[in-house]
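Asker: Have a look at this one.
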Amino acid sequence: MDLHAPIKDVERAFKMYSGRLEKLGIRTPWDFLLHVPSRYEDFSLISKISEVQSGEIVTINGEVLEIKNQYTRRWKTLQKAKVTDHSGEINILWFNQPYLVKNIKEGDKIALSGKVGSDKAGLTMIAPDFELLTDTEPIHTGRLVPIYPQTRGISSKWIRRQVKKILDEIPPNFSDFLPSEIIANEKLLPLKNALLQIHFPKNLDEANKARERLSFDELFLLQLKSKTKREEWEEEVKGIPFEIKKFEKELPSFYKSLPFELTNSQKKAIEEILKDLEGYDPMNRLLQGDVGSGKTVVATVAMYMAFLNGYKSVLMAPTEILAQQHFGVISKFLSPFGINVELATSSNRKLSIVSGKWSILVGTHSVLFKKIEPEKLGLVIIDEQQRFGVEQRSIARLKGNNPHFLTMTATPIPRTVALTIYGDLDLSYLSEMPHGRKIIKTWLVPEVKREGAYRWIEKEIKFNKTQAFTICPFIEESETLISVKAATVEFEKLKKEAFKNLKLKLLHGRIKAKEKAKIMTDFKNKKFDILVATPLVEVGIDIPNATIIVIEAAERFGLSGLHQLRGRVGRSDMQSYCLLFTESQSTKANTRLKGMESLQSGAELAELDLKLRGPGDIYGTAQHGMPKLKVASFSDFSLIERASTQAEKILPKLSKFPALEKELNNINSEQISPD
Ligand code: ADP
Ligand code: MG
């Protein structure tokens with residue numbers, strides 16, 4: 001069996017299920033082997049029938065004395081059997097599986113695992129798992145039995161059988177792609193043992209050792225892949241080294257022209273960028289910083305340096321509005337230094353491109369992607385891109401010369417995750433906010449204090465003339481009628497009861513765009529006090545006078561989501577507040593929400609969320625192009641570290657390990673930083 005062939009070509013049985021298997025991410029037999037159990041059912045207690053007690057979970061090995069269908073009212077069926085093992089007899093009961101009488105015959109040797117109950121007829125096993133005993137080792141009974149992540153129409157039992165079939169086909173000379181020195185240094189299991197033991201372990205220790213090996217492989221291959229990609233990129237591509245020493249003396253007067261002092265992390269990021277620009281390898285750096293941390297000015301310094309070196313820069317923004325905003329800001333910063341900044345929007349792109357006199361061109365990704373003048377292009381800045389690396393490489397391939405790349409993002413990717421997946425990017429972090437911003441005071445408010453909180457909000461609004469948001473519970477991924485209704489109910493309630501002396505307005509996705517805009521303008525102009533909104537509605541407009549945000553059912557959000565919402569306030573020098581309410585009694589949920597009280601940075605919160613909930617929840621529906629790990633976990637920092645160290649060590653001598661190279665090619669490169 002070719003472990004890497006498409007699953008539907010391998011077996012008839014697989015072909016029928018290939019659609020459903022695809023849903024589980026299983027495309028080849030190898031994927032099947034890496035579809036690891038989510039847990040194990042412990043059926044390892046094998047008991048004589050005479051010793052079985054009611055309430056126990058046991059396995060019985062015996063012989064079928066009788067089996068029959070019994071029809072009940074409403075066309076339901078029971079399957080009743082009697083099994084003996086010479087120490088005694090026990091009744092077996094299944095529900096609605098009439099075909100069982102065809103599969104199990106009197107006289108068959110059978111193993112049964114499950115819970116024992118008792119009724120009038122005596123001890124009875126209720127709906128046990130079973131398998132007929134042959135001379136092969138049992139897989140569904142009498143042991144730790146693997147339970148798999150399931151999907152409709154595919155049961156754990158079916159998966160178990162297929163996995164066993166594939167495992168049996170692994171040839172004895174099956175070679176391990178991992179260099180033996182790594183296996184030895186890291187004290188890992190050989191690959192074949194790991195595969196056998198993750199599915200059919202003798203005990204949990206074996207299962208854990210197996211999981212360690214397979215997790216290591218996954219993290220190791222991901223990191224090695226991105227490291228090799230980086231090497232190739234650097235070899236293939238000769239960049240444009242800027243002269244930095246010569247022009248650095250121009251920077252202080254630029255800094256002086258700014259209406260603020262740079263933060264230390266901005267200075268550090270600028271230093272890192274200038275160092276990259278000096279090199280022969282094109283810069284490929286990710287600048288990560290919270291919303292409002294001041295990434296634009298950092299990018300502006302890089303573009304200024306490109307200009308001083310006689311090169312053009314392009315800045316790509318995700319939306320028209322952001323492009324316009326950037327254009328305004330950057331023109332203001334750089335026009336005094338005689339730099340021609342132009343805006344390329346879909347309506348006027350011809351003009352911008354034809355004029356060709358720009359030194360800096362700002363536009364949306366889609367407009368600029370195909371339209372950049374290659375000549376003298378020295379630097380490309382990509383703002384708020386979600387799948388880093390995509391555009392870099394496609395642009396580089398399209399264009400003859402190899403500009404430096406700076407990607408900027410506010411997505412709080414924990415460092416460990418970034419290093420694992422985006423190992424081919426260098427990272428700069430803006431870890432501090434500009435001076436003078438006040439910390440947003442955040443409280444997790446117990447339900448008993450709700451009334452008090454409402455009175456306090458009312459006082460704040462009346463006496464300090466501020467405004468507030470209240471965010472309704474998050475109900476569904478999309479804004480359906482249900483969540484609109486819920487928001488409406490909440491709005492009516494607040495208006496009639498808690499805040500009957502204030503002016504409130506409701507905002508949700510079903511309101512027409514024009515009306516929405518009017519509500520936002522009215523709010524900005526202080527025409528009402530409290531905006532009640534659904535979580536998904538765009539409240540992106542800057543309302544510096546709003547200083548309070550109330551978030552209902554806060555436990556339903558990831559910390560990053562809460563952080564984004566909290567960022568709607570704290571946009572002035574006034575003290576701002578975030579009040580969280582939760583219906584949840586769970587300690588875990590409360591620990592997470594308490595994190596909001598003490599942590600202010602998106603990156604720290606993302607890291608905490610990762611620890612407490614795992615990456616799936618932070619990144620939701622893979623919206624940031626985050627790969628899904630099959631076995632490993634992004635929160636296993638120490639294993640990530642070990643895998644990274646080994647990948648680094650093996651990289652220079654990779655060509656000596658053809659099996660490993662082959663395995664690297666089998667990784668779907670879609671899965672990691674895409675190209
Ligand atoms: P983001 O990182 O979200 O792109 P911006 O670059 O838009 O943030 O900066 C947010 C605001 O902070 C802008 O008004 C910018 O002028 C201002 N700003 C940037 N750096 C500083 C600083 N060091 N001190 C004070 N304000 C700053
Ligand atoms: Mg920005």
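Residues are referred to by chain and number: the chain letter is A, B, ... according to the order shown in the structure tokens, the number counts from 1 in that chain, and ligands are numbered separately from 1 in the order shown.
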Could you report the residues within 7 Å of ligand 1, using only C-alpha atoms and all ligand atoms, as a short mmCIF file (atom, residue, chain, number, x, y, z; two decimals) with all heavy atoms, in the first residue's frame?
Answerer:
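Generated output (result17.cif):
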data_model
loop_
_atom_site.label_atom_id
_atom_site.label_comp_id
_atom_site.auth_asym_id
_atom_site.auth_seq_id
_atom_site.Cartn_x
_atom_site.Cartn_y
_atom_site.Cartn_z
N PHE A 260 5.19 63.67 18.08
CA PHE A 260 5.36 62.86 19.30
C PHE A 260 6.76 62.28 19.33
O PHE A 260 7.49 62.33 18.34
CB PHE A 260 4.32 61.73 19.35
CG PHE A 260 4.19 60.96 18.05
CD1 PHE A 260 5.17 60.05 17.67
CD2 PHE A 260 3.10 61.16 17.20
CE1 PHE A 260 5.06 59.35 16.48
CE2 PHE A 260 2.98 60.46 16.00
CZ PHE A 260 3.97 59.56 15.65
N GLU A 261 7.07 61.71 20.47
CA GLU A 261 8.35 61.03 20.67
C GLU A 261 8.15 59.54 20.38
O GLU A 261 7.16 58.96 20.81
CB GLU A 261 8.74 61.23 22.13
CG GLU A 261 10.04 60.63 22.54
CD GLU A 261 11.08 61.72 22.81
OE1 GLU A 261 10.71 62.91 22.91
OE2 GLU A 261 12.25 61.35 22.92
N LEU A 262 9.08 58.93 19.66
CA LEU A 262 8.93 57.50 19.39
C LEU A 262 9.06 56.70 20.68
O LEU A 262 9.80 57.07 21.59
CB LEU A 262 10.02 57.03 18.42
CG LEU A 262 9.92 57.56 16.99
CD1 LEU A 262 11.10 57.04 16.16
CD2 LEU A 262 8.61 57.13 16.33
N THR A 263 8.32 55.61 20.76
CA THR A 263 8.47 54.72 21.92
C THR A 263 9.73 53.88 21.73
O THR A 263 10.26 53.77 20.62
CB THR A 263 7.29 53.74 22.04
OG1 THR A 263 7.28 52.89 20.89
CG2 THR A 263 5.97 54.47 22.15
N GLY A 289 2.10 44.57 16.12
CA GLY A 289 1.83 45.51 17.20
C GLY A 289 0.35 45.72 17.32
O GLY A 289 -0.37 45.75 16.32
N ASP A 290 -0.09 45.86 18.55
CA ASP A 290 -1.50 46.07 18.83
C ASP A 290 -2.05 47.23 18.02
O ASP A 290 -1.30 48.11 17.61
CB ASP A 290 -1.64 46.42 20.31
CG ASP A 290 -2.53 45.41 21.00
OD1 ASP A 290 -3.34 44.82 20.31
OD2 ASP A 290 -2.39 45.23 22.22
N VAL A 291 -3.35 47.24 17.87
CA VAL A 291 -4.00 48.39 17.25
C VAL A 291 -3.61 49.65 18.02
O VAL A 291 -3.68 49.67 19.24
CB VAL A 291 -5.53 48.23 17.31
CG1 VAL A 291 -6.22 49.37 16.61
CG2 VAL A 291 -5.95 46.90 16.73
N GLY A 292 -3.15 50.65 17.29
CA GLY A 292 -2.78 51.90 17.94
C GLY A 292 -1.37 51.94 18.48
O GLY A 292 -0.97 52.92 19.11
N SER A 293 -0.59 50.90 18.24
CA SER A 293 0.77 50.89 18.79
C SER A 293 1.72 51.73 17.95
O SER A 293 2.85 51.99 18.35
CB SER A 293 1.28 49.46 18.92
OG SER A 293 1.30 48.84 17.66
N GLY A 294 1.30 52.17 16.78
CA GLY A 294 2.12 53.07 15.99
C GLY A 294 3.01 52.38 14.97
O GLY A 294 4.20 52.69 14.84
N LYS A 295 2.43 51.49 14.18
CA LYS A 295 3.20 50.79 13.17
C LYS A 295 3.47 51.68 11.96
O LYS A 295 4.53 51.57 11.32
CB LYS A 295 2.46 49.52 12.73
CG LYS A 295 2.30 48.50 13.84
CD LYS A 295 1.63 47.22 13.37
CE LYS A 295 0.15 47.34 13.11
NZ LYS A 295 -0.67 47.56 14.32
N THR A 296 2.52 52.57 11.66
CA THR A 296 2.63 53.36 10.43
C THR A 296 3.91 54.18 10.40
O THR A 296 4.59 54.24 9.38
CB THR A 296 1.41 54.30 10.29
OG1 THR A 296 0.25 53.59 10.65
CG2 THR A 296 1.28 54.82 8.88
N VAL A 297 4.24 54.78 11.51
CA VAL A 297 5.41 55.66 11.51
C VAL A 297 6.70 54.84 11.32
O VAL A 297 7.65 55.29 10.68
CB VAL A 297 5.45 56.55 12.77
CG1 VAL A 297 5.70 55.74 14.02
CG2 VAL A 297 6.48 57.65 12.62
N ALA A 410 -1.85 43.46 13.27
CA ALA A 410 -2.28 43.62 14.65
C ALA A 410 -2.77 42.28 15.20
O ALA A 410 -3.13 42.18 16.35
CB ALA A 410 -3.39 44.66 14.75
N PRO A 434 1.99 54.00 22.71
CA PRO A 434 2.54 55.36 22.81
C PRO A 434 2.30 55.97 24.19
O PRO A 434 1.34 55.63 24.88
CB PRO A 434 1.74 56.12 21.75
CG PRO A 434 1.37 55.10 20.75
CD PRO A 434 1.15 53.84 21.54
N HIS A 435 3.20 56.88 24.55
CA HIS A 435 3.11 57.51 25.87
C HIS A 435 1.78 58.22 26.04
O HIS A 435 1.20 58.72 25.09
CB HIS A 435 4.22 58.56 26.04
CG HIS A 435 5.56 58.07 25.62
ND1 HIS A 435 6.23 57.10 26.33
CD2 HIS A 435 6.35 58.38 24.56
CE1 HIS A 435 7.38 56.84 25.72
NE2 HIS A 435 7.47 57.59 24.64
#
Asker: List every residue of chain A that has an atom at most 12 Å from any atom of ligand 2, giving for each one its closest atom pair and the distance in Å to one decimal, counting only C-alpha atoms and all ligand atoms, sorted by chain and then by ascending residue number, as JSON lines.
Answerer:
{"residue": "A:Leu287", "atom": "CA", "partner": "ligand 2", "partner_atom_place_in_ligand_line": "1 (Mg)", "distance": 10.7}
{"residue": "A:Gln288", "atom": "CA", "partner": "ligand 2", "partner_atom_place_in_ligand_line": "1 (Mg)", "distance": 10.3}
{"residue": "A:Gly289", "atom": "CA", "partner": "ligand 2", "partner_atom_place_in_ligand_line": "1 (Mg)", "distance": 8.9}
{"residue": "A:Asp290", "atom": "CA", "partner": "ligand 2", "partner_atom_place_in_ligand_line": "1 (Mg)", "distance": 8.9}
{"residue": "A:Val291", "atom": "CA", "partner": "ligand 2", "partner_atom_place_in_ligand_line": "1 (Mg)", "distance": 6.7}
{"residue": "A:Gly292", "atom": "CA", "partner": "ligand 2", "partner_atom_place_in_ligand_line": "1 (Mg)", "distance": 7.0}
{"residue": "A:Ser293", "atom": "CA", "partner": "ligand 2", "partner_atom_place_in_ligand_line": "1 (Mg)", "distance": 8.3}
{"residue": "A:Gly294", "atom": "CA", "partner": "ligand 2", "partner_atom_place_in_ligand_line": "1 (Mg)", "distance": 7.1}
{"residue": "A:Lys295", "atom": "CA", "partner": "ligand 2", "partner_atom_place_in_ligand_line": "1 (Mg)", "distance": 5.9}
{"residue": "A:Thr296", "atom": "CA", "partner": "ligand 2", "partner_atom_place_in_ligand_line": "1 (Mg)", "distance": 5.8}
{"residue": "A:Val297", "atom": "CA", "partner": "ligand 2", "partner_atom_place_in_ligand_line": "1 (Mg)", "distance": 9.4}
{"residue": "A:Val298", "atom": "CA", "partner": "ligand 2", "partner_atom_place_in_ligand_line": "1 (Mg)", "distance": 10.5}
{"residue": "A:Ala299", "atom": "CA", "partner": "ligand 2", "partner_atom_place_in_ligand_line": "1 (Mg)", "distance": 9.9}
{"residue": "A:Thr300", "atom": "CA", "partner": "ligand 2", "partner_atom_place_in_ligand_line": "1 (Mg)", "distance": 11.6}
{"residue": "A:Leu315", "atom": "CA", "partner": "ligand 2", "partner_atom_place_in_ligand_line": "1 (Mg)", "distance": 11.5}
{"residue": "A:Met316", "atom": "CA", "partner": "ligand 2", "partner_atom_place_in_ligand_line": "1 (Mg)", "distance": 11.2}
{"residue": "A:Ala317", "atom": "CA", "partner": "ligand 2", "partner_atom_place_in_ligand_line": "1 (Mg)", "distance": 8.9}
{"residue": "A:Pro318", "atom": "CA", "partner": "ligand 2", "partner_atom_place_in_ligand_line": "1 (Mg)", "distance": 10.3}
{"residue": "A:Thr319", "atom": "CA", "partner": "ligand 2", "partner_atom_place_in_ligand_line": "1 (Mg)", "distance": 11.5}
{"residue": "A:Ile321", "atom": "CA", "partner": "ligand 2", "partner_atom_place_in_ligand_line": "1 (Mg)", "distance": 11.5}
{"residue": "A:Leu322", "atom": "CA", "partner": "ligand 2", "partner_atom_place_in_ligand_line": "1 (Mg)", "distance": 8.0}
{"residue": "A:Ala323", "atom": "CA", "partner": "ligand 2", "partner_atom_place_in_ligand_line": "1 (Mg)", "distance": 10.0}
{"residue": "A:Gln324", "atom": "CA", "partner": "ligand 2", "partner_atom_place_in_ligand_line": "1 (Mg)", "distance": 11.8}
{"residue": "A:Gln325", "atom": "CA", "partner": "ligand 2", "partner_atom_place_in_ligand_line": "1 (Mg)", "distance": 9.2}
{"residue": "A:His326", "atom": "CA", "partner": "ligand 2", "partner_atom_place_in_ligand_line": "1 (Mg)", "distance": 8.0}
{"residue": "A:Phe327", "atom": "CA", "partner": "ligand 2", "partner_atom_place_in_ligand_line": "1 (Mg)", "distance": 11.8}
{"residue": "A:Val329", "atom": "CA", "partner": "ligand 2", "partner_atom_place_in_ligand_line": "1 (Mg)", "distance": 10.7}
{"residue": "A:Ile330", "atom": "CA", "partner": "ligand 2", "partner_atom_place_in_ligand_line": "1 (Mg)", "distance": 11.7}
{"residue": "A:Ile381", "atom": "CA", "partner": "ligand 2", "partner_atom_place_in_ligand_line": "1 (Mg)", "distance": 11.5}
{"residue": "A:Ile382", "atom": "CA", "partner": "ligand 2", "partner_atom_place_in_ligand_line": "1 (Mg)", "distance": 10.3}
{"residue": "A:Asp383", "atom": "CA", "partner": "ligand 2", "partner_atom_place_in_ligand_line": "1 (Mg)", "distance": 6.8}
{"residue": "A:Glu384", "atom": "CA", "partner": "ligand 2", "partner_atom_place_in_ligand_line": "1 (Mg)", "distance": 7.3}
{"residue": "A:Gln385", "atom": "CA", "partner": "ligand 2", "partner_atom_place_in_ligand_line": "1 (Mg)", "distance": 10.9}
{"residue": "A:Thr407", "atom": "CA", "partner": "ligand 2", "partner_atom_place_in_ligand_line": "1 (Mg)", "distance": 11.0}
{"residue": "A:Met408", "atom": "CA", "partner": "ligand 2", "partner_atom_place_in_ligand_line": "1 (Mg)", "distance": 7.7}
{"residue": "A:Thr409", "atom": "CA", "partner": "ligand 2", "partner_atom_place_in_ligand_line": "1 (Mg)", "distance": 7.7}
{"residue": "A:Ala410", "atom": "CA", "partner": "ligand 2", "partner_atom_place_in_ligand_line": "1 (Mg)", "distance": 7.7}
{"residue": "A:Thr411", "atom": "CA", "partner": "ligand 2", "partner_atom_place_in_ligand_line": "1 (Mg)", "distance": 11.2}
Asker: Among the residues of region 125-239 of chain A, find those DSSP assigns to helix (DSSP H, G or I) from the backbone and print them as JSON, numbers by chain.
Answerer: {"A": [156, 157, 158, 159, 160, 161, 162, 163, 164, 165, 166, 167, 168, 169, 180, 181, 182, 183, 184, 185, 191, 192, 193, 194, 195, 196, 197, 198, 199, 204, 205, 206, 207, 208, 209, 210, 211, 212, 213, 214, 215, 216, 217, 218, 219, 220, 221, 222, 223, 224, 225, 226, 227, 228, 229, 230, 231, 232, 233, 234, 235, 236]}
Asker: Could you save the residues just selected, with C-alpha atoms, as an mmCIF file, in the first residue's frame?
Answerer:
data_model
loop_
_atom_site.group_PDB
_atom_site.id
_atom_site.type_symbol
_atom_site.label_atom_id
_atom_site.label_comp_id
_atom_site.auth_asym_id
_atom_site.auth_seq_id
_atom_site.Cartn_x
_atom_site.Cartn_y
_atom_site.Cartn_z
ATOM 1 C CA SER A 156 -14.726 5.280 15.830
ATOM 2 C CA LYS A 157 -15.187 1.571 15.302
ATOM 3 C CA TRP A 158 -14.962 1.923 11.548
ATOM 4 C CA ILE A 159 -11.928 4.179 11.774
ATOM 5 C CA ARG A 160 -10.293 1.724 14.176
ATOM 6 C CA ARG A 161 -10.711 -1.112 11.676
ATOM 7 C CA GLN A 162 -9.285 0.921 8.795
ATOM 8 C CA VAL A 163 -6.333 2.131 10.841
ATOM 9 C CA LYS A 164 -5.590 -1.447 11.865
ATOM 10 C CA LYS A 165 -5.701 -2.522 8.225
ATOM 11 C CA ILE A 166 -3.239 0.188 7.230
ATOM 12 C CA LEU A 167 -0.963 -0.509 10.186
ATOM 13 C CA ASP A 168 -0.843 -4.184 9.202
ATOM 14 C CA GLU A 169 0.376 -3.143 5.769
ATOM 15 C CA SER A 180 18.907 8.496 14.075
ATOM 16 C CA GLU A 181 20.996 11.097 15.889
ATOM 17 C CA ILE A 182 17.831 13.105 16.549
ATOM 18 C CA ILE A 183 15.919 10.043 17.682
ATOM 19 C CA ALA A 184 18.738 9.251 20.079
ATOM 20 C CA ASN A 185 19.271 12.789 21.368
ATOM 21 C CA LEU A 191 8.318 5.916 13.940
ATOM 22 C CA LYS A 192 6.734 2.524 13.385
ATOM 23 C CA ASN A 193 6.413 1.877 17.108
ATOM 24 C CA ALA A 194 4.936 5.310 17.591
ATOM 25 C CA LEU A 195 2.288 4.671 14.944
ATOM 26 C CA LEU A 196 1.357 1.318 16.450
ATOM 27 C CA GLN A 197 1.313 2.644 19.985
ATOM 28 C CA ILE A 198 -0.654 5.823 19.391
ATOM 29 C CA HIS A 199 -3.548 3.742 18.051
ATOM 30 C CA LEU A 204 -1.215 5.251 28.710
ATOM 31 C CA ASP A 205 2.540 5.556 29.079
ATOM 32 C CA GLU A 206 3.001 3.966 25.685
ATOM 33 C CA ALA A 207 0.366 6.268 24.239
ATOM 34 C CA ASN A 208 2.099 9.342 25.643
ATOM 35 C CA LYS A 209 5.505 8.325 24.305
ATOM 36 C CA ALA A 210 3.933 7.750 20.905
ATOM 37 C CA ARG A 211 2.209 11.116 20.965
ATOM 38 C CA GLU A 212 5.481 12.808 21.860
ATOM 39 C CA ARG A 213 7.227 11.309 18.850
ATOM 40 C CA LEU A 214 4.463 12.177 16.408
ATOM 41 C CA SER A 215 4.089 15.696 17.804
ATOM 42 C CA PHE A 216 7.804 16.185 17.556
ATOM 43 C CA ASP A 217 7.727 15.111 13.909
ATOM 44 C CA GLU A 218 4.945 17.516 13.084
ATOM 45 C CA LEU A 219 6.617 20.516 14.708
ATOM 46 C CA PHE A 220 10.029 19.531 13.418
ATOM 47 C CA LEU A 221 8.872 19.166 9.816
ATOM 48 C CA LEU A 222 6.922 22.424 9.889
ATOM 49 C CA GLN A 223 9.902 24.313 11.170
ATOM 50 C CA LEU A 224 12.390 22.594 8.930
ATOM 51 C CA LYS A 225 10.166 23.314 5.949
ATOM 52 C CA SER A 226 9.980 27.016 6.645
ATOM 53 C CA LYS A 227 13.690 27.174 7.377
ATOM 54 C CA THR A 228 14.522 25.509 4.060
ATOM 55 C CA LYS A 229 12.130 27.815 2.246
ATOM 56 C CA ARG A 230 13.891 30.738 3.792
ATOM 57 C CA GLU A 231 17.251 29.421 2.685
ATOM 58 C CA GLU A 232 16.039 28.925 -0.847
ATOM 59 C CA TRP A 233 14.560 32.389 -0.894
ATOM 60 C CA GLU A 234 17.809 33.861 0.260
ATOM 61 C CA GLU A 235 19.868 31.898 -2.219
ATOM 62 C CA GLU A 236 17.673 32.513 -5.216
#
Asker: Rounded to one decimal place, report the CA of Leu507 (chain A)-CA of Asn525 (chain A) distance in Å.
Answerer: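 Separation between CA of Leu507 (chain A) and CA of Asn525 (chain A): 16.1 Å.
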Asker: My list of candidates is A:Glu497, A:Glu51, A:Glu137, A:Glu22. Which is closest to Gln150 (chain A) when distances are computed with only C-alpha atoms?
Answerer: A:Glu22
Asker: Using only C-alpha atoms, which protein or nucleic acid residues come within 8 Å of Gly55 (chain A)? Drop anything in the same chain fewer than 5 positions from it, and give the result as a compact mmCIF listing (two decimals) with N, CA, C and O atoms, in the first residue's frame.
Answerer:
# COMPACT_ATOMS: atom_id res chain seq x y z
N LYS A 115 -20.53 -1.63 30.03
CA LYS A 115 -21.01 -1.50 31.40
C LYS A 115 -22.00 -2.61 31.74
O LYS A 115 -22.82 -2.99 30.91
N VAL A 116 -21.89 -3.09 32.96
CA VAL A 116 -22.77 -4.15 33.41
C VAL A 116 -23.88 -3.56 34.27
O VAL A 116 -23.62 -2.74 35.15
N GLY A 117 -25.10 -3.94 33.95
CA GLY A 117 -26.22 -3.52 34.79
C GLY A 117 -26.94 -4.76 35.28
O GLY A 117 -26.50 -5.89 35.02
Asker: Can you tell me which residues surround Gln600 (chain A) at a distance of at most 12 Å, considering only C-alpha atoms, apart from same-chain residues fewer than 6 positions away, and format the answer as a VMD selection string?
Answerer: chain A and resid 290 to 291 431 to 433 437 to 442 559 to 560 562 to 564 566 to 567 570 578 594 606 608
Asker: Okay, now the selection with N, CA and C atoms, as a short mmCIF file (atom, residue, chain, number, x, y, z; two decimals), in the first residue's frame?
Answerer:
data_model
loop_
_atom_site.label_atom_id
_atom_site.label_comp_id
_atom_site.auth_asym_id
_atom_site.auth_seq_id
_atom_site.Cartn_x
_atom_site.Cartn_y
_atom_site.Cartn_z
N ASP A 290 -0.09 45.86 18.55
CA ASP A 290 -1.50 46.07 18.83
C ASP A 290 -2.05 47.23 18.02
N VAL A 291 -3.35 47.24 17.87
CA VAL A 291 -4.00 48.39 17.25
C VAL A 291 -3.61 49.65 18.02
N SER A 431 5.89 46.33 21.59
CA SER A 431 5.32 45.77 22.82
C SER A 431 4.76 46.84 23.74
N GLU A 432 4.97 48.11 23.41
CA GLU A 432 4.40 49.15 24.28
C GLU A 432 3.54 50.11 23.47
N MET A 433 2.60 50.71 24.15
CA MET A 433 1.73 51.69 23.50
C MET A 433 2.38 53.07 23.62
N ARG A 437 -1.13 57.17 26.85
CA ARG A 437 -2.39 56.41 26.83
C ARG A 437 -2.61 55.82 28.21
N LYS A 438 -3.84 55.93 28.70
CA LYS A 438 -4.14 55.37 30.01
C LYS A 438 -4.58 53.92 29.86
N ILE A 439 -4.24 53.14 30.87
CA ILE A 439 -4.70 51.76 30.90
C ILE A 439 -6.22 51.75 31.05
N ILE A 440 -6.88 50.89 30.30
CA ILE A 440 -8.34 50.79 30.42
C ILE A 440 -8.66 49.94 31.64
N LYS A 441 -9.28 50.55 32.63
CA LYS A 441 -9.60 49.78 33.85
C LYS A 441 -10.66 48.75 33.51
N THR A 442 -10.36 47.50 33.82
CA THR A 442 -11.24 46.41 33.42
C THR A 442 -11.69 45.63 34.66
N LEU A 559 -10.17 35.78 24.26
CA LEU A 559 -9.57 36.97 24.87
C LEU A 559 -9.19 37.99 23.79
N SER A 560 -8.76 37.50 22.63
CA SER A 560 -8.41 38.43 21.57
C SER A 560 -9.63 39.22 21.11
N LEU A 562 -12.25 39.91 22.98
CA LEU A 562 -12.56 40.86 24.04
C LEU A 562 -11.62 42.06 23.97
N HIS A 563 -10.36 41.76 23.68
CA HIS A 563 -9.37 42.83 23.59
C HIS A 563 -9.72 43.81 22.47
N GLN A 564 -10.13 43.25 21.32
CA GLN A 564 -10.55 44.11 20.20
C GLN A 564 -11.72 45.00 20.61
N ARG A 566 -12.61 45.86 23.64
CA ARG A 566 -12.17 46.82 24.65
C ARG A 566 -11.48 48.02 24.00
N GLY A 567 -10.80 47.74 22.86
CA GLY A 567 -10.09 48.79 22.14
C GLY A 567 -10.99 49.88 21.57
N GLY A 570 -10.80 54.07 25.36
CA GLY A 570 -9.39 54.33 25.65
C GLY A 570 -8.70 55.05 24.52
N CYS A 578 -13.78 49.10 31.15
CA CYS A 578 -14.41 47.97 30.47
C CYS A 578 -15.04 47.08 31.54
N LYS A 594 -10.54 36.97 34.25
CA LYS A 594 -9.69 37.70 35.20
C LYS A 594 -8.43 38.20 34.49
N ALA A 606 -3.37 36.78 23.98
CA ALA A 606 -3.41 35.66 23.04
C ALA A 606 -2.63 34.48 23.59
N LEU A 608 -2.14 33.79 26.75
CA LEU A 608 -2.93 33.21 27.84
C LEU A 608 -4.07 32.35 27.28
#
Asker: Can you tell me how far CA of Arg455 (chain A) sits from CA of Ser586 (chain A), in Å to one decimal?
Answerer: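 Distance between the two atoms: 27.4 Å.
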Asker: Let's see if you can do this: from backbone DSSP, list all strand (DSSP E) residues in region 283-526 of chain A, as number ranges by chain.
Answerer: A: 284-289, 312-317, 341-344, 360-364, 377-383, 404-409, 426-430, 441-444, 467-471, 504-507
Asker: Applying 6 Å and only C-alpha atoms, which residues near region 333-343 of chain A remain after dropping the ones on its own chain fewer than 4 positions away? List them as an NGL selection string.
Answerer: :A and (358-363)
Asker: Could you take the residues named above and write them with C-alpha atoms, as a compact mmCIF listing (two decimals), in the first residue's frame?
Answerer:
# COMPACT_ATOMS: atom_id res chain seq x y z
CA TRP A 358 5.71 58.93 -7.27
CA SER A 359 8.30 57.88 -4.76
CA ILE A 360 5.71 56.32 -2.52
CA LEU A 361 2.53 54.76 -3.83
CA VAL A 362 -0.31 53.88 -1.47
CA GLY A 363 -3.23 51.71 -2.50
Asker: Pick out the closest residue to Ser635 (chain A) from this set: A:Arg415, A:Leu660, A:Lys527, A:Lys516. Count only C-alpha atoms.
Answerer: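 Once distances to Ser635 (chain A) are computed over only C-alpha atoms, the minimum belongs to A:Arg415.
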Asker: Skip region 238-249 of chain A itself and residues of its chain fewer than 4 positions away, then list as number ranges by chain all residues within 10 Å of it, counting only C-alpha atoms.
Answerer: A: 233-234, 253-254, 274-283, 304-306, 308-311, 376-379, 401-404
Asker: Given only C-alpha atoms as the basis, pick out the residue of A:Asp176, A:Leu24, A:Trp30, A:Lys109 nearest to Phe657 (chain A).
Answerer: A:Asp176
Asker: Under the rule that only C-alpha atoms are counted, which of A:Thr59, A:Thr534, A:Ser644, A:Asn590 is the nearest residue to Ser483 (chain A)?
Answerer: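 So, comparing all the options, the nearest one is A:Thr534.
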Asker: Kindly give the distance, in Å, that separates CA of Pro6 (chain A) and CA of Ala632 (chain A), rounded to a single decimal.
Answerer: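 Computed distance, CA of Pro6 (chain A) to CA of Ala632 (chain A), equals 23.7 Å.
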Asker: So that I can check the surroundings of Phe637 (chain A), please list as a list in words every protein, DNA and RNA residue that reaches within 10 Å of it, counting only C-alpha atoms and ignoring chain neighbours fewer than 4 positions away.
Answerer: Arg415, Thr416, Val417, Lys611, Ser633, Glu641, Arg642 and Ala643 of chain A
